[in-house]
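model_32.cif (mmCIF, N, CA and C atoms)
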```cif
data_model
loop_
_atom_site.label_atom_id
_atom_site.label_comp_id
_atom_site.auth_asym_id
_atom_site.auth_seq_id
_atom_site.Cartn_x
_atom_site.Cartn_y
_atom_site.Cartn_z
N MET A 1071 7.17 -57.66 -5.07
CA MET A 1071 7.00 -56.23 -5.12
C MET A 1071 7.11 -55.77 -6.57
N ALA A 1072 6.11 -55.00 -7.01
CA ALA A 1072 6.12 -54.51 -8.38
C ALA A 1072 6.39 -53.01 -8.39
N LEU A 1073 7.55 -52.63 -8.90
CA LEU A 1073 7.88 -51.22 -9.08
C LEU A 1073 7.61 -50.87 -10.53
N LYS A 1074 7.20 -49.63 -10.76
CA LYS A 1074 6.96 -49.16 -12.12
C LYS A 1074 7.69 -47.84 -12.29
N LEU A 1075 8.52 -47.74 -13.33
CA LEU A 1075 9.25 -46.52 -13.62
C LEU A 1075 8.59 -45.81 -14.79
N THR A 1076 8.36 -44.50 -14.63
CA THR A 1076 7.69 -43.70 -15.65
C THR A 1076 8.46 -42.41 -15.87
N ALA A 1077 8.66 -42.03 -17.12
CA ALA A 1077 9.28 -40.74 -17.41
C ALA A 1077 8.30 -39.63 -17.07
N TYR A 1078 8.79 -38.58 -16.37
CA TYR A 1078 7.97 -37.46 -15.94
C TYR A 1078 8.59 -36.20 -16.54
N LEU A 1079 7.83 -35.52 -17.41
CA LEU A 1079 8.32 -34.35 -18.11
C LEU A 1079 7.83 -33.08 -17.41
N MET A 1080 8.75 -32.29 -16.91
CA MET A 1080 8.42 -31.04 -16.23
C MET A 1080 8.72 -29.89 -17.20
N MET A 1081 7.66 -29.16 -17.57
CA MET A 1081 7.76 -28.17 -18.62
C MET A 1081 7.84 -26.75 -18.07
N ASN A 1082 8.79 -25.97 -18.58
CA ASN A 1082 8.92 -24.56 -18.23
C ASN A 1082 7.94 -23.72 -19.05
N ASP A 1083 7.67 -22.53 -18.57
CA ASP A 1083 6.91 -21.52 -19.30
C ASP A 1083 5.51 -21.97 -19.71
N GLY A 1084 4.88 -22.84 -18.92
CA GLY A 1084 3.50 -23.25 -19.19
C GLY A 1084 3.32 -24.04 -20.47
N LYS A 1085 4.31 -24.83 -20.84
CA LYS A 1085 4.26 -25.55 -22.12
C LYS A 1085 3.71 -26.98 -22.01
N ALA A 1086 3.25 -27.40 -20.84
CA ALA A 1086 2.78 -28.78 -20.69
C ALA A 1086 1.59 -29.09 -21.59
N LYS A 1087 0.61 -28.17 -21.68
CA LYS A 1087 -0.56 -28.42 -22.54
C LYS A 1087 -0.14 -28.58 -23.99
N ASP A 1088 0.82 -27.75 -24.43
CA ASP A 1088 1.32 -27.87 -25.81
C ASP A 1088 2.03 -29.21 -26.01
N ALA A 1089 2.83 -29.62 -25.05
CA ALA A 1089 3.55 -30.89 -25.15
C ALA A 1089 2.56 -32.06 -25.17
N ILE A 1090 1.54 -31.98 -24.33
CA ILE A 1090 0.53 -33.05 -24.29
C ILE A 1090 -0.16 -33.17 -25.64
N ALA A 1091 -0.58 -32.05 -26.21
CA ALA A 1091 -1.26 -32.06 -27.52
C ALA A 1091 -0.32 -32.60 -28.60
N TYR A 1092 0.95 -32.20 -28.52
CA TYR A 1092 1.94 -32.65 -29.50
C TYR A 1092 2.12 -34.17 -29.44
N TYR A 1093 2.36 -34.72 -28.24
CA TYR A 1093 2.58 -36.16 -28.12
C TYR A 1093 1.31 -36.96 -28.37
N GLU A 1094 0.16 -36.35 -28.10
CA GLU A 1094 -1.11 -36.99 -28.43
C GLU A 1094 -1.18 -37.24 -29.94
N LYS A 1095 -0.78 -36.22 -30.70
CA LYS A 1095 -0.85 -36.32 -32.16
C LYS A 1095 0.29 -37.17 -32.73
N VAL A 1096 1.53 -36.83 -32.36
CA VAL A 1096 2.70 -37.47 -32.96
C VAL A 1096 2.85 -38.93 -32.54
N LEU A 1097 2.59 -39.22 -31.26
CA LEU A 1097 2.78 -40.58 -30.75
C LEU A 1097 1.46 -41.32 -30.53
N GLU A 1098 0.36 -40.72 -31.00
CA GLU A 1098 -0.97 -41.32 -30.85
C GLU A 1098 -1.28 -41.63 -29.38
N GLY A 1099 -0.92 -40.68 -28.53
CA GLY A 1099 -1.15 -40.84 -27.10
C GLY A 1099 -2.60 -40.58 -26.72
N LYS A 1100 -2.98 -41.11 -25.57
CA LYS A 1100 -4.33 -40.90 -25.04
C LYS A 1100 -4.19 -40.35 -23.62
N VAL A 1101 -4.74 -39.15 -23.39
CA VAL A 1101 -4.68 -38.54 -22.06
C VAL A 1101 -5.57 -39.33 -21.11
N LEU A 1102 -4.98 -39.81 -20.02
CA LEU A 1102 -5.72 -40.58 -19.02
C LEU A 1102 -6.20 -39.70 -17.88
N PHE A 1103 -5.42 -38.64 -17.59
CA PHE A 1103 -5.73 -37.75 -16.47
C PHE A 1103 -5.04 -36.43 -16.69
N GLN A 1104 -5.73 -35.34 -16.34
CA GLN A 1104 -5.10 -34.02 -16.39
C GLN A 1104 -5.77 -33.12 -15.36
N GLN A 1105 -4.96 -32.46 -14.53
CA GLN A 1105 -5.46 -31.58 -13.47
C GLN A 1105 -4.61 -30.32 -13.43
N SER A 1106 -5.27 -29.17 -13.32
CA SER A 1106 -4.54 -27.91 -13.21
C SER A 1106 -4.22 -27.63 -11.74
N PHE A 1107 -3.29 -26.70 -11.50
CA PHE A 1107 -3.00 -26.30 -10.13
C PHE A 1107 -4.25 -25.71 -9.47
N GLY A 1108 -5.07 -25.00 -10.25
CA GLY A 1108 -6.29 -24.41 -9.72
C GLY A 1108 -7.34 -25.42 -9.31
N GLU A 1109 -7.28 -26.63 -9.85
CA GLU A 1109 -8.23 -27.70 -9.51
C GLU A 1109 -7.80 -28.50 -8.28
N MET A 1110 -6.58 -28.27 -7.81
CA MET A 1110 -6.09 -28.99 -6.63
C MET A 1110 -6.67 -28.37 -5.36
N PRO A 1111 -6.69 -29.13 -4.26
CA PRO A 1111 -7.16 -28.53 -2.99
C PRO A 1111 -6.28 -27.35 -2.59
N ALA A 1112 -6.91 -26.29 -2.11
CA ALA A 1112 -6.18 -25.08 -1.70
C ALA A 1112 -5.33 -25.36 -0.47
N ASN A 1113 -4.17 -24.73 -0.40
CA ASN A 1113 -3.29 -24.83 0.75
C ASN A 1113 -3.04 -23.43 1.28
N PRO A 1114 -3.65 -23.07 2.44
CA PRO A 1114 -3.50 -21.70 2.95
C PRO A 1114 -2.05 -21.33 3.27
N GLU A 1115 -1.19 -22.31 3.51
CA GLU A 1115 0.22 -22.03 3.79
C GLU A 1115 1.00 -21.71 2.52
N PHE A 1116 0.42 -22.05 1.37
CA PHE A 1116 1.09 -21.82 0.09
C PHE A 1116 0.06 -21.32 -0.92
N PRO A 1117 -0.29 -20.02 -0.84
CA PRO A 1117 -1.31 -19.48 -1.75
C PRO A 1117 -0.88 -19.61 -3.21
N LEU A 1118 -1.84 -19.95 -4.04
CA LEU A 1118 -1.59 -20.19 -5.46
C LEU A 1118 -1.60 -18.86 -6.23
N PRO A 1119 -0.51 -18.52 -6.92
CA PRO A 1119 -0.52 -17.30 -7.72
C PRO A 1119 -1.55 -17.42 -8.85
N GLU A 1120 -2.17 -16.33 -9.20
CA GLU A 1120 -3.17 -16.32 -10.28
C GLU A 1120 -2.60 -16.90 -11.57
N ALA A 1121 -1.33 -16.59 -11.86
CA ALA A 1121 -0.68 -17.05 -13.10
C ALA A 1121 -0.51 -18.56 -13.15
N ALA A 1122 -0.65 -19.25 -12.01
CA ALA A 1122 -0.43 -20.70 -11.98
C ALA A 1122 -1.73 -21.50 -12.06
N LYS A 1123 -2.87 -20.87 -11.90
CA LYS A 1123 -4.14 -21.60 -11.78
C LYS A 1123 -4.46 -22.49 -12.97
N ASP A 1124 -4.14 -22.06 -14.19
CA ASP A 1124 -4.46 -22.85 -15.38
C ASP A 1124 -3.32 -23.75 -15.84
N LEU A 1125 -2.19 -23.69 -15.14
CA LEU A 1125 -1.06 -24.55 -15.51
C LEU A 1125 -1.33 -25.99 -15.12
N VAL A 1126 -0.71 -26.92 -15.81
CA VAL A 1126 -0.89 -28.35 -15.55
C VAL A 1126 -0.12 -28.74 -14.29
N ALA A 1127 -0.84 -29.23 -13.29
CA ALA A 1127 -0.21 -29.72 -12.06
C ALA A 1127 0.24 -31.16 -12.27
N HIS A 1128 -0.60 -31.93 -12.96
CA HIS A 1128 -0.26 -33.33 -13.21
C HIS A 1128 -1.12 -33.85 -14.36
N ALA A 1129 -0.49 -34.57 -15.26
CA ALA A 1129 -1.20 -35.22 -16.36
C ALA A 1129 -0.52 -36.55 -16.64
N MET A 1130 -1.32 -37.49 -17.12
CA MET A 1130 -0.82 -38.81 -17.48
C MET A 1130 -1.33 -39.16 -18.86
N MET A 1131 -0.44 -39.72 -19.68
CA MET A 1131 -0.79 -40.09 -21.05
C MET A 1131 -0.33 -41.52 -21.33
N GLN A 1132 -1.20 -42.30 -21.94
CA GLN A 1132 -0.87 -43.65 -22.36
C GLN A 1132 -0.37 -43.58 -23.80
N ILE A 1133 0.81 -44.15 -24.05
CA ILE A 1133 1.37 -44.21 -25.39
C ILE A 1133 1.77 -45.66 -25.61
N GLY A 1134 1.00 -46.36 -26.41
CA GLY A 1134 1.22 -47.79 -26.59
C GLY A 1134 1.11 -48.47 -25.24
N GLU A 1135 2.14 -49.18 -24.84
CA GLU A 1135 2.14 -49.86 -23.54
C GLU A 1135 2.87 -49.06 -22.47
N SER A 1136 3.24 -47.83 -22.78
CA SER A 1136 3.99 -46.98 -21.85
C SER A 1136 3.14 -45.80 -21.38
N THR A 1137 3.61 -45.17 -20.32
CA THR A 1137 2.94 -44.00 -19.77
C THR A 1137 3.95 -42.86 -19.67
N LEU A 1138 3.52 -41.66 -20.02
CA LEU A 1138 4.30 -40.44 -19.78
C LEU A 1138 3.51 -39.59 -18.80
N MET A 1139 4.21 -38.89 -17.90
CA MET A 1139 3.57 -37.96 -16.99
C MET A 1139 4.11 -36.57 -17.29
N PHE A 1140 3.29 -35.56 -17.01
CA PHE A 1140 3.63 -34.17 -17.31
C PHE A 1140 3.25 -33.26 -16.17
N SER A 1141 3.96 -32.14 -16.06
CA SER A 1141 3.51 -31.02 -15.23
C SER A 1141 4.22 -29.77 -15.71
N ASP A 1142 3.60 -28.63 -15.40
CA ASP A 1142 4.26 -27.34 -15.61
C ASP A 1142 5.00 -27.00 -14.33
N THR A 1143 6.04 -26.18 -14.45
CA THR A 1143 6.67 -25.59 -13.27
C THR A 1143 5.88 -24.34 -12.90
N PHE A 1144 6.01 -23.89 -11.67
CA PHE A 1144 5.39 -22.64 -11.24
C PHE A 1144 6.05 -21.49 -11.98
N PRO A 1145 5.33 -20.41 -12.24
CA PRO A 1145 5.95 -19.25 -12.88
C PRO A 1145 7.19 -18.80 -12.10
N GLY A 1146 8.29 -18.62 -12.83
CA GLY A 1146 9.54 -18.19 -12.23
C GLY A 1146 10.38 -19.32 -11.65
N GLN A 1147 9.88 -20.54 -11.66
CA GLN A 1147 10.62 -21.68 -11.11
C GLN A 1147 10.97 -22.65 -12.23
N ASN A 1148 11.83 -22.23 -13.13
CA ASN A 1148 12.21 -23.07 -14.25
C ASN A 1148 13.19 -24.15 -13.83
N VAL A 1149 13.08 -25.30 -14.46
CA VAL A 1149 14.05 -26.37 -14.25
C VAL A 1149 15.11 -26.24 -15.35
N PRO A 1150 16.36 -26.53 -15.02
CA PRO A 1150 17.41 -26.40 -16.03
C PRO A 1150 17.21 -27.40 -17.17
N GLU A 1151 17.64 -27.02 -18.36
CA GLU A 1151 17.55 -27.92 -19.49
C GLU A 1151 18.29 -29.21 -19.16
N GLY A 1152 17.67 -30.32 -19.45
CA GLY A 1152 18.23 -31.62 -19.11
C GLY A 1152 17.72 -32.11 -17.77
N GLY A 1153 17.26 -31.22 -16.91
CA GLY A 1153 16.70 -31.60 -15.62
C GLY A 1153 15.19 -31.65 -15.64
N ASN A 1154 14.62 -31.44 -16.81
CA ASN A 1154 13.16 -31.42 -16.89
C ASN A 1154 12.55 -32.80 -17.11
N VAL A 1155 13.38 -33.83 -17.19
CA VAL A 1155 12.88 -35.20 -17.26
C VAL A 1155 13.32 -35.91 -15.99
N THR A 1156 12.36 -36.39 -15.22
CA THR A 1156 12.66 -37.15 -14.02
C THR A 1156 12.12 -38.56 -14.19
N ILE A 1157 12.52 -39.44 -13.31
CA ILE A 1157 11.97 -40.80 -13.30
C ILE A 1157 11.04 -40.89 -12.11
N CYS A 1158 9.79 -41.20 -12.39
CA CYS A 1158 8.80 -41.38 -11.32
C CYS A 1158 8.75 -42.87 -10.98
N ILE A 1159 8.98 -43.20 -9.72
CA ILE A 1159 8.92 -44.60 -9.27
C ILE A 1159 7.59 -44.78 -8.55
N ASN A 1160 6.70 -45.59 -9.14
CA ASN A 1160 5.44 -45.94 -8.49
C ASN A 1160 5.72 -47.13 -7.59
N ILE A 1161 5.45 -46.95 -6.30
CA ILE A 1161 5.79 -47.96 -5.30
C ILE A 1161 4.51 -48.37 -4.59
N PRO A 1162 4.30 -49.67 -4.40
CA PRO A 1162 3.02 -50.13 -3.84
C PRO A 1162 2.78 -49.77 -2.37
N THR A 1163 3.83 -49.62 -1.55
CA THR A 1163 3.60 -49.38 -0.12
C THR A 1163 4.46 -48.23 0.39
N LYS A 1164 3.98 -47.59 1.45
CA LYS A 1164 4.71 -46.48 2.06
C LYS A 1164 6.03 -46.97 2.67
N GLU A 1165 6.00 -48.15 3.25
CA GLU A 1165 7.21 -48.72 3.85
C GLU A 1165 8.32 -48.88 2.81
N LYS A 1166 7.98 -49.41 1.64
CA LYS A 1166 8.97 -49.60 0.58
C LYS A 1166 9.40 -48.25 0.02
N ALA A 1167 8.46 -47.29 -0.06
CA ALA A 1167 8.80 -45.94 -0.54
C ALA A 1167 9.84 -45.30 0.37
N GLU A 1168 9.65 -45.43 1.69
CA GLU A 1168 10.60 -44.87 2.65
C GLU A 1168 11.97 -45.50 2.49
N GLN A 1169 12.01 -46.81 2.27
CA GLN A 1169 13.27 -47.54 2.10
C GLN A 1169 14.01 -47.06 0.85
N ILE A 1170 13.30 -46.96 -0.27
CA ILE A 1170 13.93 -46.54 -1.53
C ILE A 1170 14.34 -45.07 -1.47
N PHE A 1171 13.49 -44.22 -0.89
CA PHE A 1171 13.81 -42.79 -0.77
C PHE A 1171 15.09 -42.60 0.05
N ALA A 1172 15.19 -43.31 1.17
CA ALA A 1172 16.38 -43.21 2.03
C ALA A 1172 17.63 -43.66 1.28
N ALA A 1173 17.51 -44.73 0.51
CA ALA A 1173 18.67 -45.22 -0.24
C ALA A 1173 19.10 -44.22 -1.32
N LEU A 1174 18.13 -43.63 -2.03
CA LEU A 1174 18.45 -42.67 -3.08
C LEU A 1174 19.02 -41.37 -2.54
N GLN A 1175 18.61 -40.97 -1.34
CA GLN A 1175 19.12 -39.70 -0.78
C GLN A 1175 20.53 -39.85 -0.22
N ASP A 1176 21.00 -41.08 -0.01
CA ASP A 1176 22.36 -41.30 0.49
C ASP A 1176 23.36 -40.83 -0.56
N GLY A 1177 24.04 -39.75 -0.29
CA GLY A 1177 24.99 -39.18 -1.24
C GLY A 1177 24.32 -38.27 -2.26
N GLY A 1178 23.01 -38.15 -2.16
CA GLY A 1178 22.26 -37.31 -3.10
C GLY A 1178 21.71 -36.08 -2.40
N GLN A 1179 20.60 -35.55 -2.93
CA GLN A 1179 20.01 -34.33 -2.37
C GLN A 1179 18.48 -34.45 -2.39
N VAL A 1180 17.86 -34.20 -1.24
CA VAL A 1180 16.41 -34.20 -1.14
C VAL A 1180 15.89 -32.87 -1.69
N ILE A 1181 15.01 -32.95 -2.66
CA ILE A 1181 14.38 -31.77 -3.24
C ILE A 1181 13.06 -31.49 -2.51
N MET A 1182 12.30 -32.55 -2.27
CA MET A 1182 11.05 -32.47 -1.49
C MET A 1182 11.01 -33.70 -0.60
N PRO A 1183 10.95 -33.52 0.72
CA PRO A 1183 10.92 -34.69 1.61
C PRO A 1183 9.73 -35.60 1.32
N LEU A 1184 9.91 -36.88 1.58
CA LEU A 1184 8.82 -37.84 1.41
C LEU A 1184 7.75 -37.52 2.45
N THR A 1185 6.55 -37.19 1.97
CA THR A 1185 5.48 -36.78 2.86
C THR A 1185 4.13 -37.17 2.29
N GLU A 1186 3.12 -37.19 3.13
CA GLU A 1186 1.76 -37.47 2.68
C GLU A 1186 1.23 -36.25 1.95
N THR A 1187 0.56 -36.48 0.82
CA THR A 1187 -0.08 -35.42 0.05
C THR A 1187 -1.53 -35.81 -0.20
N HIS A 1188 -2.28 -34.93 -0.85
CA HIS A 1188 -3.67 -35.26 -1.15
C HIS A 1188 -3.78 -36.37 -2.20
N PHE A 1189 -2.69 -36.64 -2.93
CA PHE A 1189 -2.74 -37.64 -3.99
C PHE A 1189 -1.92 -38.90 -3.70
N SER A 1190 -1.18 -38.91 -2.59
CA SER A 1190 -0.35 -40.07 -2.27
C SER A 1190 -0.02 -40.10 -0.78
N PRO A 1191 -0.01 -41.29 -0.17
CA PRO A 1191 0.38 -41.38 1.24
C PRO A 1191 1.88 -41.16 1.45
N GLY A 1192 2.66 -41.15 0.38
CA GLY A 1192 4.09 -40.89 0.49
C GLY A 1192 4.64 -40.43 -0.85
N TYR A 1193 4.90 -39.12 -0.97
CA TYR A 1193 5.42 -38.57 -2.21
C TYR A 1193 6.62 -37.68 -1.89
N GLY A 1194 7.67 -37.79 -2.68
CA GLY A 1194 8.84 -36.94 -2.49
C GLY A 1194 9.69 -36.92 -3.74
N ILE A 1195 10.63 -35.98 -3.77
CA ILE A 1195 11.55 -35.85 -4.90
C ILE A 1195 12.97 -35.83 -4.37
N VAL A 1196 13.82 -36.63 -4.98
CA VAL A 1196 15.21 -36.73 -4.55
C VAL A 1196 16.10 -36.89 -5.78
N THR A 1197 17.27 -36.23 -5.73
CA THR A 1197 18.28 -36.44 -6.77
C THR A 1197 19.34 -37.36 -6.19
N ASP A 1198 19.64 -38.44 -6.90
CA ASP A 1198 20.59 -39.41 -6.35
C ASP A 1198 22.03 -38.93 -6.52
N LYS A 1199 22.97 -39.72 -6.06
CA LYS A 1199 24.39 -39.34 -6.08
C LYS A 1199 24.96 -39.21 -7.49
N PHE A 1200 24.21 -39.67 -8.49
CA PHE A 1200 24.65 -39.54 -9.88
C PHE A 1200 24.01 -38.33 -10.57
N GLY A 1201 23.18 -37.58 -9.82
CA GLY A 1201 22.51 -36.41 -10.38
C GLY A 1201 21.21 -36.72 -11.09
N ILE A 1202 20.70 -37.94 -10.92
CA ILE A 1202 19.44 -38.34 -11.56
C ILE A 1202 18.27 -38.01 -10.63
N PRO A 1203 17.31 -37.20 -11.09
CA PRO A 1203 16.17 -36.86 -10.25
C PRO A 1203 15.08 -37.94 -10.29
N PHE A 1204 14.58 -38.29 -9.11
CA PHE A 1204 13.52 -39.29 -8.97
C PHE A 1204 12.35 -38.69 -8.21
N GLN A 1205 11.15 -39.00 -8.65
CA GLN A 1205 9.94 -38.71 -7.89
C GLN A 1205 9.46 -40.04 -7.34
N ILE A 1206 9.22 -40.08 -6.04
CA ILE A 1206 8.71 -41.30 -5.39
C ILE A 1206 7.22 -41.12 -5.19
N PHE A 1207 6.43 -42.03 -5.72
CA PHE A 1207 4.97 -41.97 -5.62
C PHE A 1207 4.47 -43.27 -5.00
N THR A 1208 3.93 -43.18 -3.78
CA THR A 1208 3.40 -44.35 -3.10
C THR A 1208 1.92 -44.51 -3.46
N GLU A 1209 1.56 -45.74 -3.79
CA GLU A 1209 0.20 -46.01 -4.23
C GLU A 1209 -0.76 -46.39 -3.10
N SER A 1210 -0.23 -46.88 -1.97
CA SER A 1210 -1.10 -47.44 -0.93
C SER A 1210 -0.62 -47.04 0.46
N GLN A 1211 -1.56 -47.01 1.41
CA GLN A 1211 -1.23 -46.76 2.81
C GLN A 1211 -0.60 -47.99 3.47
N GLN A 1212 -0.81 -49.14 2.88
CA GLN A 1212 -0.38 -50.40 3.50
C GLN A 1212 1.14 -50.45 3.64
N GLY A 1213 1.62 -51.08 4.71
CA GLY A 1213 3.05 -51.18 4.97
C GLY A 1213 3.70 -52.37 4.50
#
```
Spell out the structure here as structure tokens.
Amino acid sequence: MALKLTAYLMMNDGKAKDAIAYYEKVLEGKVLFQQSFGEMPANPEFPLPEAAKDLVAHAMMQIGESTLMFSDTFPGQNVPEGGNVTICINIPTKEKAEQIFAALQDGGQVIMPLTETHFSPGYGIVTDKFGIPFQIFTESQQG
């Protein structure tokens, strides 16, 4: 089983584009993917505020042999300083994602339950018992 850990930077006040441009220049990064909230599939249960449409929903940058991920927070939903860096665990199967998510939530706190999304068969956010926030990203439907 190959797990991959990636730093995920969550930016307040719509600063993700500025951070991406900065790290592109300073660290010679190369943007691999970038999508705004407005480019994501619409969800009638959660209408997108106009102010969020141009914000970065998800971006990935290659820096040397490492990857950084970015997103903006929704307007008015700031993350506390120090909590804006999470660890994203890329997991090959949904079965393994469920196992790791359950272990991390033991004594911790579920921020977003592990669920199927348009970009992953199993995605969730959990803070472990040490206060470390993790994003679980499943790559495959296979068990």
So the first atom is atom C of Ile1133 (chain A) and the second is CA of Phe1204 (chain A); what is the distance between them in Å, to one decimal place? 21.3 Å
Using the chain letters and numbers from this file, what does the PyMOL selection byres ((chain A and resi 1101) around 8) select? Give the answer as a list in words.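 In the shown coordinates, the PyMOL selection byres ((chain A and resi 1101) around 8) covers Ile1090, Glu1094, Glu1098, Gly1099, Lys1100, Leu1102, Phe1103, Gln1104, Ala1129, Met1130, Met1131, Gln1132 and Ile1133 of chain A.
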Quick one: everything within 8 Å of region 1175-1180 of chain A, counting only C-alpha atoms, minus sequence neighbours fewer than 2 positions away in the same chain. Send it as a ChimeraX atom specification. /A:1171-1173,1182-1183,1195-1201
What's the separation between atom N of Tyr1093 (chain A) and CA of Met1110 (chain A), in Å to one decimal place? 23.9 Å
Could you please determine the separation between atom N of Gln1169 (chain A) and atom C of Ile1206 (chain A) in Å, to one decimal place?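 One can read the atom N of Gln1169 (chain A) to atom C of Ile1206 (chain A) distance as 10.5 Å.
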From the set A:Thr1187, A:Asn1113, A:Gln1105, A:Gln1205, which residue has the shortest atom-to-atom contact distance to Val1126 (chain A), counting only C-alpha atoms?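 Closest to Val1126 (chain A), using only C-alpha atoms: A:Gln1105.
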Could you tell me which residues the PyMOL selection byres ((chain A and resi 1156-1161) around 7) returns for this structure, as a list in words?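 Output from the PyMOL selection byres ((chain A and resi 1156-1161) around 7), applied to this file: Ala1072, Leu1073, Lys1074, Leu1075, Thr1076, Ala1077, Tyr1078, Leu1079, Met1080, Gly1153, Asn1154, Val1155, Pro1162, Thr1163, Lys1164, Lys1166, Ala1167, Ile1202, Pro1203, Phe1204, Gln1205, Ile1206, Phe1207, Thr1208, Glu1209 and Ser1210 of chain A.
Residues in contact range of Asp1124 (chain A), defined as at most 7 Å between all atoms listed in the file, with sequence neighbours fewer than 6 positions away removed, read Ser1106, Phe1107 and Gly1108 of chain A.
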To test your reading of the structure, identify every residue in region 1072-1158 of chain A that backbone DSSP assigns to helix (DSSP H, G or I), and report it as a VMD selection string. chain A and resid 1086 to 1096 1107 to 1109 1120 to 1122
Translate the PyMOL selection byres ((chain A and resi 1141-1147) around 6.5) into a concrete residue list for this structure, as a VMD selection string. chain A and resid 1078 to 1086 1121 to 1122 1125 to 1129 1139 to 1140 1148 to 1149
Residues from the last selection, N, CA and C atoms, saved as a compact mmCIF listing (two decimals), in the coordinates of the input:
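Saved to part-v5.txt:
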```txt
# COMPACT_ATOMS: atom_id res chain seq x y z
N TYR A 1078 8.79 -38.58 -16.37
CA TYR A 1078 7.97 -37.46 -15.94
C TYR A 1078 8.59 -36.20 -16.54
N LEU A 1079 7.83 -35.52 -17.41
CA LEU A 1079 8.32 -34.35 -18.11
C LEU A 1079 7.83 -33.08 -17.41
N MET A 1080 8.75 -32.29 -16.91
CA MET A 1080 8.42 -31.04 -16.23
C MET A 1080 8.72 -29.89 -17.20
N MET A 1081 7.66 -29.16 -17.57
CA MET A 1081 7.76 -28.17 -18.62
C MET A 1081 7.84 -26.75 -18.07
N ASN A 1082 8.79 -25.97 -18.58
CA ASN A 1082 8.92 -24.56 -18.23
C ASN A 1082 7.94 -23.72 -19.05
N ASP A 1083 7.67 -22.53 -18.57
CA ASP A 1083 6.91 -21.52 -19.30
C ASP A 1083 5.51 -21.97 -19.71
N GLY A 1084 4.88 -22.84 -18.92
CA GLY A 1084 3.50 -23.25 -19.19
C GLY A 1084 3.32 -24.04 -20.47
N LYS A 1085 4.31 -24.83 -20.84
CA LYS A 1085 4.26 -25.55 -22.12
C LYS A 1085 3.71 -26.98 -22.01
N ALA A 1086 3.25 -27.40 -20.84
CA ALA A 1086 2.78 -28.78 -20.69
C ALA A 1086 1.59 -29.09 -21.59
N ALA A 1121 -1.33 -16.59 -11.86
CA ALA A 1121 -0.68 -17.05 -13.10
C ALA A 1121 -0.51 -18.56 -13.15
N ALA A 1122 -0.65 -19.25 -12.01
CA ALA A 1122 -0.43 -20.70 -11.98
C ALA A 1122 -1.73 -21.50 -12.06
N LEU A 1125 -2.19 -23.69 -15.14
CA LEU A 1125 -1.06 -24.55 -15.51
C LEU A 1125 -1.33 -25.99 -15.12
N VAL A 1126 -0.71 -26.92 -15.81
CA VAL A 1126 -0.89 -28.35 -15.55
C VAL A 1126 -0.12 -28.74 -14.29
N ALA A 1127 -0.84 -29.23 -13.29
CA ALA A 1127 -0.21 -29.72 -12.06
C ALA A 1127 0.24 -31.16 -12.27
N HIS A 1128 -0.60 -31.93 -12.96
CA HIS A 1128 -0.26 -33.33 -13.21
C HIS A 1128 -1.12 -33.85 -14.36
N ALA A 1129 -0.49 -34.57 -15.26
CA ALA A 1129 -1.20 -35.22 -16.36
C ALA A 1129 -0.52 -36.55 -16.64
N MET A 1139 4.21 -38.89 -17.90
CA MET A 1139 3.57 -37.96 -16.99
C MET A 1139 4.11 -36.57 -17.29
N PHE A 1140 3.29 -35.56 -17.01
CA PHE A 1140 3.63 -34.17 -17.31
C PHE A 1140 3.25 -33.26 -16.17
N ASN A 1148 11.83 -22.23 -13.13
CA ASN A 1148 12.21 -23.07 -14.25
C ASN A 1148 13.19 -24.15 -13.83
N VAL A 1149 13.08 -25.30 -14.46
CA VAL A 1149 14.05 -26.37 -14.25
C VAL A 1149 15.11 -26.24 -15.35
```
Let's see if you can do this: from backbone DSSP, list all strand (DSSP E or B) residues in region 1079-1200 of chain A, as a PyMOL selection string. chain A and resi 1079-1081+1100-1106+1126-1133+1136-1142+1155-1161+1179-1185+1193-1197
Produce the centre coordinates and the three edge lengths, each in Å to one decimal, of the box along x, y and z that contains all listed atoms of region 1168-1176 of chain A with 8 Å added on each side, as AutoDock Vina command-line options.
```
--center_x 16.5 --center_y -43.6 --center_z -0.2 --size_x 29.7 --size_y 23.8 --size_z 21.7
```
